[in-house]
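Asks: File protein-v8.cif follows (mmCIF, C-alpha atoms):
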```
data_coords
#
loop_
_atom_site.label_atom_id
_atom_site.label_comp_id
_atom_site.auth_asym_id
_atom_site.auth_seq_id
_atom_site.Cartn_x
_atom_site.Cartn_y
_atom_site.Cartn_z
CA ILE A 1 -184.35 54.27 -53.44
CA GLY A 2 -181.28 55.37 -51.50
CA SER A 3 -180.27 51.79 -50.72
CA LEU A 4 -180.74 50.75 -54.35
CA GLN A 5 -178.62 53.68 -55.52
CA GLN A 6 -175.91 52.72 -53.02
CA MET A 7 -175.97 49.10 -54.19
CA TRP A 8 -175.72 50.22 -57.82
CA THR A 9 -172.82 52.55 -57.03
CA GLU A 10 -170.95 49.83 -55.11
CA ALA A 11 -171.55 47.31 -57.90
CA SER A 12 -170.36 49.80 -60.52
CA HIS A 13 -167.29 50.53 -58.45
CA ARG A 14 -166.47 46.83 -58.19
CA VAL A 15 -166.82 46.43 -61.94
CA LEU A 16 -164.50 49.40 -62.53
CA CYS A 17 -161.90 47.91 -60.17
CA ILE A 18 -162.07 44.58 -62.02
CA LEU A 19 -161.76 46.34 -65.39
CA LEU A 20 -158.75 48.30 -64.13
CA VAL A 21 -157.01 45.10 -63.06
CA LEU A 22 -157.82 43.38 -66.35
CA LEU A 23 -156.65 46.41 -68.35
CA THR A 24 -153.40 46.52 -66.40
CA PHE A 25 -152.60 42.87 -67.01
CA PHE A 26 -153.62 43.21 -70.66
CA VAL A 27 -151.17 46.09 -71.13
CA ALA A 28 -148.47 44.17 -69.27
CA PHE A 29 -148.71 41.05 -71.42
CA ARG A 30 -150.17 42.33 -74.69
CA ASN A 31 -146.93 41.81 -76.61
CA ASP A 32 -143.53 40.20 -76.27
CA GLU A 33 -141.81 43.54 -75.69
CA ASN A 34 -143.86 44.38 -72.62
CA THR A 35 -143.54 40.85 -71.28
CA ALA A 36 -139.76 40.97 -71.76
CA GLU A 37 -139.61 44.29 -69.93
CA LEU A 38 -141.48 42.79 -66.99
CA MET A 39 -139.26 39.73 -66.93
CA GLY A 40 -136.15 41.87 -67.19
CA SER A 41 -137.19 43.93 -64.17
CA VAL A 42 -136.19 41.11 -61.82
CA GLU A 43 -132.58 41.02 -63.06
CA ARG A 44 -129.93 42.21 -60.65
CA GLN A 45 -128.78 45.82 -61.09
CA SER A 46 -131.49 46.48 -63.68
CA SER A 47 -132.59 49.57 -61.73
CA PRO A 48 -131.21 52.93 -62.93
CA ILE A 49 -130.82 53.92 -59.27
CA ASP A 50 -127.64 52.93 -57.45
CA TRP A 51 -127.04 54.29 -53.97
CA CYS A 52 -123.76 55.51 -52.54
CA GLU A 53 -122.83 52.26 -50.79
CA GLU A 54 -120.41 50.13 -52.79
CA ASN A 55 -121.93 47.02 -54.30
CA TYR A 56 -121.13 43.41 -53.39
CA VAL A 57 -118.37 44.33 -50.95
CA MET A 58 -119.64 42.38 -47.94
CA SER A 59 -121.37 39.56 -49.81
CA PRO A 60 -121.38 38.16 -53.36
CA ILE A 61 -125.19 37.88 -53.34
CA VAL A 62 -126.21 41.09 -51.54
CA ALA A 63 -125.53 44.29 -53.49
CA GLU A 64 -125.81 46.88 -50.72
CA TRP A 65 -125.14 45.07 -47.48
CA TRP A 66 -125.85 47.78 -44.92
CA ASN A 67 -128.80 49.29 -46.77
CA THR A 68 -130.32 45.81 -47.02
CA TRP A 69 -130.01 45.12 -43.31
CA SER A 70 -131.39 48.54 -42.43
CA GLY A 71 -134.76 47.48 -43.87
CA ILE A 72 -135.12 44.87 -41.15
CA SER A 73 -135.46 47.64 -38.55
CA ILE A 74 -139.02 48.24 -39.76
CA PHE A 75 -140.23 44.84 -38.57
CA PRO A 76 -139.82 45.35 -34.80
CA ILE A 77 -141.36 48.82 -35.17
CA THR A 78 -144.54 47.45 -36.76
CA ALA A 79 -144.66 44.60 -34.25
CA LEU A 80 -144.34 47.06 -31.36
CA ALA A 81 -147.02 49.33 -32.83
CA TRP A 82 -149.38 46.37 -33.18
CA SER A 83 -148.79 45.14 -29.62
CA ARG A 84 -149.13 48.61 -28.09
CA HIS A 85 -152.18 49.69 -30.07
CA SER A 86 -154.03 46.45 -30.83
CA ARG A 87 -157.02 47.51 -28.71
CA PHE A 88 -157.22 50.83 -30.57
CA ILE A 89 -156.98 49.02 -33.91
CA HIS A 90 -159.76 46.56 -33.11
CA ARG A 91 -162.16 48.95 -31.39
CA VAL A 92 -161.54 52.39 -32.92
CA GLU A 93 -159.57 52.37 -36.16
CA PRO A 94 -159.25 48.95 -37.85
CA ARG A 95 -157.93 50.65 -41.01
CA PHE A 96 -154.72 51.35 -39.09
CA ALA A 97 -153.92 47.64 -39.46
CA PHE A 98 -153.57 48.12 -43.22
CA CYS A 99 -150.94 50.82 -42.61
CA LEU A 100 -148.96 48.41 -40.45
CA VAL A 101 -149.20 45.73 -43.13
CA THR A 102 -148.04 48.11 -45.85
CA LEU A 103 -145.27 49.42 -43.58
CA THR A 104 -144.06 45.84 -43.25
CA CYS A 105 -144.16 45.65 -47.04
CA VAL A 106 -141.95 48.76 -47.13
CA GLY A 107 -139.34 46.83 -45.18
CA LEU A 108 -139.61 43.82 -47.48
CA GLY A 109 -139.44 46.02 -50.58
CA SER A 110 -136.40 47.86 -49.23
CA ILE A 111 -134.58 44.62 -48.44
CA TYR A 112 -135.32 43.20 -51.88
CA PHE A 113 -134.31 46.38 -53.69
CA HIS A 114 -131.01 46.98 -51.90
CA ALA A 115 -130.09 43.31 -52.06
CA THR A 116 -130.58 43.09 -55.83
CA LEU A 117 -130.79 46.67 -57.17
CA SER A 118 -133.39 45.35 -59.58
CA LYS A 119 -135.98 47.54 -61.26
CA LEU A 120 -138.77 45.50 -59.68
CA GLY A 121 -137.19 46.00 -56.27
CA GLN A 122 -136.97 49.74 -56.84
CA VAL A 123 -140.65 49.96 -57.78
CA LEU A 124 -141.74 47.79 -54.85
CA ASP A 125 -139.64 49.93 -52.52
CA GLU A 126 -141.33 53.12 -53.76
CA ILE A 127 -144.87 51.83 -54.29
CA THR A 128 -145.16 50.38 -50.78
CA ILE A 129 -144.11 53.77 -49.39
CA CYS A 130 -146.92 55.33 -51.43
CA TRP A 131 -149.43 52.78 -50.13
CA THR A 132 -148.47 53.49 -46.54
CA ASN A 133 -148.22 57.27 -46.69
CA TYR A 134 -151.27 58.09 -48.80
CA TYR A 135 -153.43 55.69 -46.81
CA ALA A 136 -152.09 57.27 -43.61
CA ILE A 137 -153.04 60.72 -44.91
CA LEU A 138 -156.62 59.55 -45.45
CA ILE A 139 -156.73 58.07 -41.95
CA VAL A 140 -155.32 61.24 -40.36
CA ILE A 141 -158.19 63.29 -41.77
CA PRO A 142 -161.15 62.91 -39.35
CA ARG A 143 -163.97 60.79 -40.71
CA ARG A 144 -166.58 63.53 -40.53
CA LYS A 145 -164.32 66.06 -42.26
CA LEU A 146 -163.47 63.62 -45.04
CA GLU A 147 -167.15 62.74 -45.51
CA ASP A 148 -168.04 66.43 -45.72
CA ARG A 149 -165.45 66.89 -48.47
CA ILE A 150 -166.10 63.86 -50.65
CA GLY A 151 -169.31 62.30 -49.31
CA VAL A 152 -169.99 59.22 -47.21
CA LEU A 153 -170.29 56.86 -50.17
CA SER A 154 -167.07 58.05 -51.80
CA ARG A 155 -165.20 57.63 -48.54
CA ASN A 156 -166.53 54.10 -48.13
CA LEU A 157 -165.53 53.23 -51.69
CA ILE A 158 -161.99 54.54 -51.15
CA PHE A 159 -161.53 52.31 -48.11
CA SER A 160 -163.32 49.32 -49.64
CA SER A 161 -161.52 46.01 -50.12
CA ASP A 162 -162.15 46.28 -53.88
CA THR A 163 -160.19 49.53 -54.08
CA LEU A 164 -157.34 48.28 -51.91
CA LEU A 165 -157.00 45.06 -53.90
CA ALA A 166 -157.07 46.92 -57.22
CA VAL A 167 -154.39 49.34 -56.01
CA ILE A 168 -152.15 46.54 -54.75
CA LEU A 169 -152.45 44.55 -57.99
CA THR A 170 -152.06 47.39 -60.47
CA THR A 171 -149.73 50.04 -59.08
CA PRO A 172 -146.51 47.94 -59.18
CA ILE A 173 -147.09 47.12 -62.84
CA TRP A 174 -147.77 50.73 -63.83
CA GLY A 175 -144.71 51.71 -61.81
CA LEU A 176 -142.56 49.36 -63.87
CA PHE A 177 -143.75 50.82 -67.17
CA TYR A 178 -143.84 54.45 -66.00
CA PRO A 179 -141.22 54.74 -63.20
CA ILE A 180 -141.40 58.54 -63.26
CA LEU A 181 -144.89 58.28 -61.73
CA SER A 182 -143.51 56.12 -58.95
CA HIS A 183 -140.76 58.67 -58.28
CA VAL A 184 -143.10 61.67 -58.26
CA PHE A 185 -145.74 60.14 -56.00
CA THR A 186 -143.09 58.88 -53.58
CA VAL A 187 -141.28 62.22 -53.32
CA ALA A 188 -144.62 64.03 -52.93
CA THR A 189 -145.36 62.08 -49.74
CA ILE A 190 -142.25 63.60 -48.14
CA VAL A 191 -144.18 66.87 -47.94
CA LEU A 192 -147.82 65.76 -47.99
CA LEU A 193 -147.78 63.39 -45.01
CA PRO A 194 -146.14 65.80 -42.50
CA TRP A 195 -148.36 68.60 -43.79
CA ALA A 196 -151.52 66.52 -43.24
CA VAL A 197 -150.45 65.39 -39.76
CA ILE A 198 -149.48 68.90 -38.62
CA SER A 199 -152.65 70.45 -40.06
CA GLU A 200 -154.98 67.98 -38.40
CA PHE A 201 -153.05 68.13 -35.13
CA ARG A 202 -153.48 71.91 -35.00
CA ASP A 203 -157.18 71.67 -35.74
CA ALA A 204 -157.64 69.01 -33.06
CA LYS A 205 -155.59 70.95 -30.49
CA GLY A 206 -153.86 67.84 -29.19
CA PRO A 207 -152.45 67.52 -25.65
CA GLU A 208 -148.85 68.26 -24.68
CA SER A 209 -147.94 64.57 -24.62
CA ALA A 210 -149.08 64.25 -28.24
CA LYS A 211 -146.94 67.25 -29.19
CA LEU A 212 -143.85 65.39 -27.99
CA VAL A 213 -144.77 62.38 -30.12
CA LEU A 214 -145.36 64.66 -33.12
CA ARG A 215 -142.04 66.46 -32.69
CA THR A 216 -140.22 63.15 -32.35
CA ALA A 217 -141.88 61.76 -35.47
CA LEU A 218 -141.08 64.89 -37.48
CA THR A 219 -137.47 64.77 -36.28
CA PHE A 220 -137.07 61.20 -37.47
CA HIS A 221 -138.80 62.08 -40.73
CA GLY A 222 -136.53 65.06 -41.33
CA THR A 223 -133.43 63.02 -40.47
CA ALA A 224 -134.42 60.27 -42.89
CA VAL A 225 -135.10 62.74 -45.69
CA THR A 226 -131.78 64.51 -45.05
CA CYS A 227 -129.86 61.22 -45.19
CA TRP A 228 -131.66 60.31 -48.40
CA VAL A 229 -130.84 63.65 -50.05
CA LEU A 230 -127.20 63.54 -48.96
CA ASP A 231 -126.85 59.99 -50.25
CA ARG A 232 -128.17 61.04 -53.64
CA LEU A 233 -126.44 64.40 -54.03
CA ALA A 234 -123.28 64.31 -51.94
CA CYS A 235 -122.04 60.74 -52.14
CA THR A 236 -118.56 61.61 -53.41
CA GLN A 237 -118.02 64.39 -50.89
CA ILE A 238 -119.19 62.32 -47.93
CA SER A 239 -117.12 59.31 -48.95
CA ALA A 240 -114.02 61.50 -49.35
CA ALA A 241 -114.59 63.19 -45.99
CA LEU A 242 -115.17 59.97 -44.04
CA GLY A 243 -112.74 57.84 -45.97
CA PHE A 244 -115.32 55.06 -46.22
CA TYR A 245 -119.03 54.44 -46.73
#
```
Now, as a test, write the supplied structure out as structure tokens.

Replies:
Amino acid sequence: IGSLQQMWTEASHRVLCILLVLLTFFVAFRNDENTAELMGSVERQSSPIDWCEENYVMSPIVAEWWNTWSGISIFPITALAWSRHSRFIHRVEPRFAFCLVTLTCVGLGSIYFHATLSKLGQVLDEITICWTNYYAILIVIPRRKLEDRIGVLSRNLIFSSDTLLAVILTTPIWGLFYPILSHVFTVATIVLLPWAVISEFRDAKGPESAKLVLRTALTFHGTAVTCWVLDRLACTQISAALGFY
């Protein structure tokens, strides 16, 4: 009976994922207005967000030259993480590979957004960050603890290929129609991911070497957030103080 119930639950979950994808594409293309909005999202400078860096100064085809090139730095980081931890990924935590893939997508989304300042680029930049960070939060929580909270079957469904595919196919489209959701979920990860990592690290009582890694990661995280906030809120002051940007 238990196996039949599990099969029924998994089948129902797959049907729901398929319906979610179909509903999303129906909403996206149900009328000419929605279709036009989607098509318009690829136009250059269609995003309401414009960062402090001056546009098209270094190149006539790349809007924010230095911000665009900064996205490339993610690629060697993911490559190094894969080469250093491939044995861990294959033997202990294969789900970590998905985080590396989505982190690579963060770099691609960042390059596309800063090069074009398009609305689609903005959403892809934010949504890929959400994919990476929220999935990382679920991985940070120990398997047994997560299963105690939500159940074994629910945990398996969350990490199933059906769920991942549905999320990848639908979230960018919903982000285009409701960008405020993309903003809120992205900003929330600034707090949620460090909180989850610190909480689980304390519970696990990690070694001293791990504490150094944690402090380094939090330092980089805090520096990145600070730069992001300053770019958004103090662009004029910084530009005036430095004489350039």

Asks: Ranking A:Arg87, A:Arg44, A:Arg95, A:Arg143 by minimum distance to His114 (chain A) and counting all atoms listed in the file, which one comes first?

Replies: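 That would be A:Arg44, the residue with the smallest distance to His114 (chain A).
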
Asks: Give as a list in words each residue that has an atom at most 9 Å from (-159.7, 48.6, -61.2) in the file, counting all atoms listed in the file.

Replies: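 Within the cut-off we find His13, Arg14, Val15, Leu16, Cys17, Ile18, Leu19, Leu20, Val21, Leu22, Leu23, Thr24, Asp162, Thr163, Leu165, Ala166, Val167, Leu169 and Thr170 of chain A.
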
Asks: Find the spatial neighbours of region 212-222 of chain A, counting all atoms listed in the file, within a cut-off of 9 Å - ignore same-chain residues fewer than 3 positions away - and output them as a list in words.

Replies: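 Result of the neighbour search: Ile190, Pro194, Val197, Ile198, Phe201, Glu208, Ser209, Val225, Thr226 and Cys227 of chain A.
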
Asks: Would you please work out which residue, of A:Thr236, A:Leu117, A:Glu64, A:Leu157, is nearest to Met7 (chain A) when using all atoms listed in the file?

Replies: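 Ranked by minimum distance to Met7 (chain A), first place goes to A:Leu157.
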
Asks: Identify all residues satisfying the PyMOL selection byres ((chain A and resi 47) around 10) in the given file; provide them as a PyMOL selection string.

Replies: chain A and resi 41-46+48-50+113+116-123

Asks: What's the separation between CA of Tyr134 (chain A) and CA of Ala224 (chain A), in Å to one decimal place?

Replies: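 These atoms are spaced 18.0 Å apart.
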
Asks: What does the distance between CA of Pro60 (chain A) and CA of Pro172 (chain A) come to in Å, to one decimal place?

Replies: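 Separation between CA of Pro60 (chain A) and CA of Pro172 (chain A): 27.6 Å.
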
Asks: Would you mind telling me which residue in A:Phe25, A:Phe177, A:Trp195, A:Tyr112 lies nearest to Ile141 (chain A) when using all atoms listed in the file?

Replies: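 Ranked by minimum distance to Ile141 (chain A), first place goes to A:Trp195.
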
Asks: Select, from A:Leu100, A:Gly71, A:Ile61, A:Thr189, the residue with the minimum atom-to-atom distance to His85 (chain A), counting all atoms listed in the file.

Replies: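 Going through A:Leu100, A:Gly71, A:Ile61, A:Thr189 one by one, the smallest distance to His85 (chain A) is for A:Leu100.
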
Asks: Give me the residues within 10 Å of Ala81 (chain A) as a VMD selection string, counting only C-alpha atoms and dropping any in the same chain fewer than 5 places off.

Replies: chain A and resid 75 to 76 86 97 100

Asks: CA of Ser110 (chain A) and CA of Ala136 (chain A), how far apart in Å?

Replies: 19.1 Å

Asks: In terms of the shortest atom-to-atom distance over all atoms listed in the file, which of A:Glu200, A:Glu54, A:Asp231, A:Glu10 is closest to Phe159 (chain A)?

Replies: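 Checking each of A:Glu200, A:Glu54, A:Asp231, A:Glu10 against Phe159 (chain A), counting all atoms listed in the file, the winner is A:Glu10.
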
Asks: Under the PyMOL selection byres ((chain A and resi 127) around 8), which residues of this model are included? Write them out as a list in words.

Replies: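 This file, filtered by the PyMOL selection byres ((chain A and resi 127) around 8), leaves Val123, Leu124, Asp125, Glu126, Thr128, Ile129, Cys130, Trp131, Thr171, Pro172, Gly175, Ser182 and Thr186 of chain A.
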